[in-house]
Amino acid sequence: AHPPVADLVAVARDVALAAGRLVHDGRPETVDVASTKSSAVDVVTAMDLASEDLVRRMLARLRPDDGILGEEGGHRPGTSGVTWVVDPIDGTVNYLYGLPAYAVSVAAVVGEPTPATWTALAGCVHAPATGETWTAGRGLGAHLGGRRLTLGAAPSLDRCLVGTGFGYVAERRRSQARVLAELLPRVRDVRRMGAAALDLCQVAGGRLDLYYERGLQPWDLAAGALVVTEAGGVVTGLRGAAAGAAMTVAGAADRVAELVEVLEEQAADAPDAPGAD
Ligand code: IPD
């Protein structure tokens, strides 16, 4: 037995809003990306750590028996069966450059905290620079602010606006670029907005028809994937696998099936050269 889903949604929201305020207010007016690359990156790393620290302290107070899996601090198991899966800043490169597409992502899951084994109960993705907040609760639907999200009928694949993202390692990007070269002529257009959690939320709200990415970590997708499924969409991997590091595809079921077919045909999940992860 887990606590009421609505309570977990409220906690996810409170925590994401507090961390969002911290990272938004804490970003210096100007970060000199060009001339002080490493110190600029340090600013981001410091905010990432401060954000996760705040999330861990809040959750320790609000939900002391739950576990936490965070991008920065790793996994601390709990005793309640609930684990919080946290990305303290998703879209760190956008944050570094002052682009608004970054977010705090907080989800509560039960079961082993991996995308293939967990059941997500609650999630919140909050983008402090735009003030948008997506929430989802298992069985309670997905919301953007006060508005309930429902995936509409997607256009045919050649009319779809497709979001994607790339890893940080050159060899992985080489194979991602090959897949993209095959896909781009077959769709309306492609967006690479730079924050996986937000990409998933944009699918749920109809601002993207489809999204796919290889190499996502649990904290990139935990909350956003629940937002998509609670809006009536599907989030899956290739060849019948669950969504996760090998591949994540999200959207309305029939269009996802079409995109999955293209990605399978392109072997978009084939291993990269050694060292690519
Ligand atoms: C990254 C962003 C990006 C995606 C990368 C992620 P981070 O997360 O979500 O859009 O393409 O795969 O690693 O590093 O900014 O938390």
# chains A, B, ... in the order shown; residues from 1 in each chain; ligands from 1
$ residues_around --residues "His24 in chain A" --least-positions-apart "4" --cutoff "9 Å" --atoms "only C-alpha atoms" --output "PyMOL selection string"
chain A and resi 19-20+95+128-129
$ select_by_dssp --residues "range 3-200 of chain A" --states "helix (DSSP H, G or I)" --output "ChimeraX atom specification"
/A:5-26,37-62,92-97,157-159,170-186,196-200
$ residues_around --residues "Asp189 in chain A" --least-positions-apart "2" --cutoff "9 Å" --atoms "only C-alpha atoms" --output "ChimeraX atom specification"
/A:158-163,184-187,191
$ closest_atom_pairs --of "range 87-203 of chain A" --to "range 55-60 of chain A" --cutoff "12 Å" --atoms "only C-alpha atoms" --output "tab-separated table"
residue	atom	partner	partner_atom	distance
A:Asp87	CA	A:Val55	CA	9.6
A:Pro88	CA	A:Val55	CA	7.7
A:Ile89	CA	A:Val55	CA	11.3
A:Val104	CA	A:Val55	CA	9.9
A:Ser105	CA	A:Val55	CA	10.4
A:Val106	CA	A:Val55	CA	8.8
A:Ala107	CA	A:Val55	CA	11.5
A:Ala108	CA	A:Leu59	CA	10.8
$ residues_near_ligand --ligand "ligand 1" --cutoff "7 Å" --atoms "only C-alpha atoms and all ligand atoms" --output "PyMOL selection string"
chain A and resi 87+89-93+165-167+193-197+215-216+220
$ closest_residue --among "A:Leu200, A:Ala116, A:Val234, A:Leu157" --to "Glu261 in chain A" --atoms "only C-alpha atoms"
A:Leu157
$ atom_distance --atom1 "CA of Asp269 in chain A" --atom2 "CA of Ala204 in chain A"
23.9 Å
$ residues_around --residues "Val44 in chain A" --least-positions-apart "3" --cutoff "12 Å" --atoms "only C-alpha atoms" --output "PyMOL selection string"
chain A and resi 23-24+26-28+31-33+37-41+47-51+88-98+102
$ write_last_selection --atoms "C-alpha atoms" --output "compact mmCIF listing (two decimals), in the first residue's frame"
# COMPACT_ATOMS: atom_id res chain seq x y z
CA VAL A 23 17.94 27.58 -9.68
CA HIS A 24 16.10 30.42 -11.40
CA GLY A 26 20.46 31.66 -8.38
CA ARG A 27 21.49 31.97 -12.01
CA PRO A 28 23.84 34.93 -12.44
CA VAL A 31 27.42 33.75 -17.48
CA ASP A 32 30.39 34.31 -19.76
CA VAL A 33 30.11 31.11 -21.72
CA LYS A 37 33.99 28.12 -20.23
CA SER A 38 35.12 26.08 -17.27
CA SER A 39 34.03 28.57 -14.62
CA ALA A 40 30.69 28.97 -16.41
CA VAL A 41 30.26 25.20 -16.24
CA MET A 47 23.40 25.05 -8.98
CA ASP A 48 22.75 21.43 -9.97
CA LEU A 49 24.20 20.28 -6.64
CA ALA A 50 22.41 22.98 -4.64
CA SER A 51 19.09 22.11 -6.29
CA PRO A 88 17.71 18.88 -10.28
CA ILE A 89 18.26 20.70 -13.60
CA ASP A 90 17.23 19.02 -16.84
CA GLY A 91 18.53 21.03 -19.76
CA THR A 92 21.77 22.15 -18.14
CA VAL A 93 23.23 23.47 -21.39
CA ASN A 94 20.18 25.71 -21.88
CA TYR A 95 20.56 26.86 -18.29
CA LEU A 96 24.23 27.63 -18.93
CA TYR A 97 23.40 29.75 -21.98
CA GLY A 98 20.36 31.47 -20.49
CA TYR A 102 15.30 23.94 -18.49
$ atom_distance --atom1 "CA of Thr130 in chain A" --atom2 "CA of Ala243 in chain A"
27.7 Å
$ closest_residue --among "A:Val235, A:Ala142, A:Leu121, A:Leu62" --to "Met247 in chain A" --atoms "only C-alpha atoms"
A:Val235
$ select_by_dssp --residues "range 9-107 of chain A" --states "strand (DSSP E or B)" --output "ChimeraX atom specification"
/A:67-70,74-76,82-90,103-107
$ atom_distance --atom1 "CA of Ile68 in chain A" --atom2 "CA of Trp84 in chain A"
4.6 Å
$ residues_around --residues "Glu112 in chain A" --least-positions-apart "3" --cutoff "10 Å" --atoms "only C-alpha atoms" --output "NGL selection string"
:A and (77 or 81-83 or 109 or 115-119)
$ write_last_selection --atoms "C-alpha atoms" --output "CSV table (one decimal), in the first residue's frame"
chain,number,residue,atom,x,y,z
A,77,PRO,CA,17.2,3.4,-0.6
A,81,GLY,CA,8.7,1.2,-1.1
A,82,VAL,CA,8.4,4.7,-2.7
A,83,THR,CA,11.5,6.2,-4.4
A,109,VAL,CA,7.8,5.6,-8.2
A,115,PRO,CA,12.3,2.6,-16.1
A,116,ALA,CA,11.7,-1.1,-17.0
A,117,THR,CA,10.7,-2.1,-13.4
A,118,TRP,CA,9.1,0.9,-11.7
A,119,THR,CA,5.5,2.0,-11.6
$ closest_residue --among "A:Arg61, A:Arg13, A:Arg239, A:Arg174" --to "Val125 in chain A" --atoms "only C-alpha atoms"
A:Arg13
$ closest_residue --among "A:Arg214, A:Arg76, A:His143, A:Arg21" --to "Val179 in chain A" --atoms "only C-alpha atoms"
A:Arg214
$ closest_residue --among "A:Ala245, A:Ala231, A:Val86, A:Val169" --to "Ala12 in chain A" --atoms "only C-alpha atoms"
A:Val86
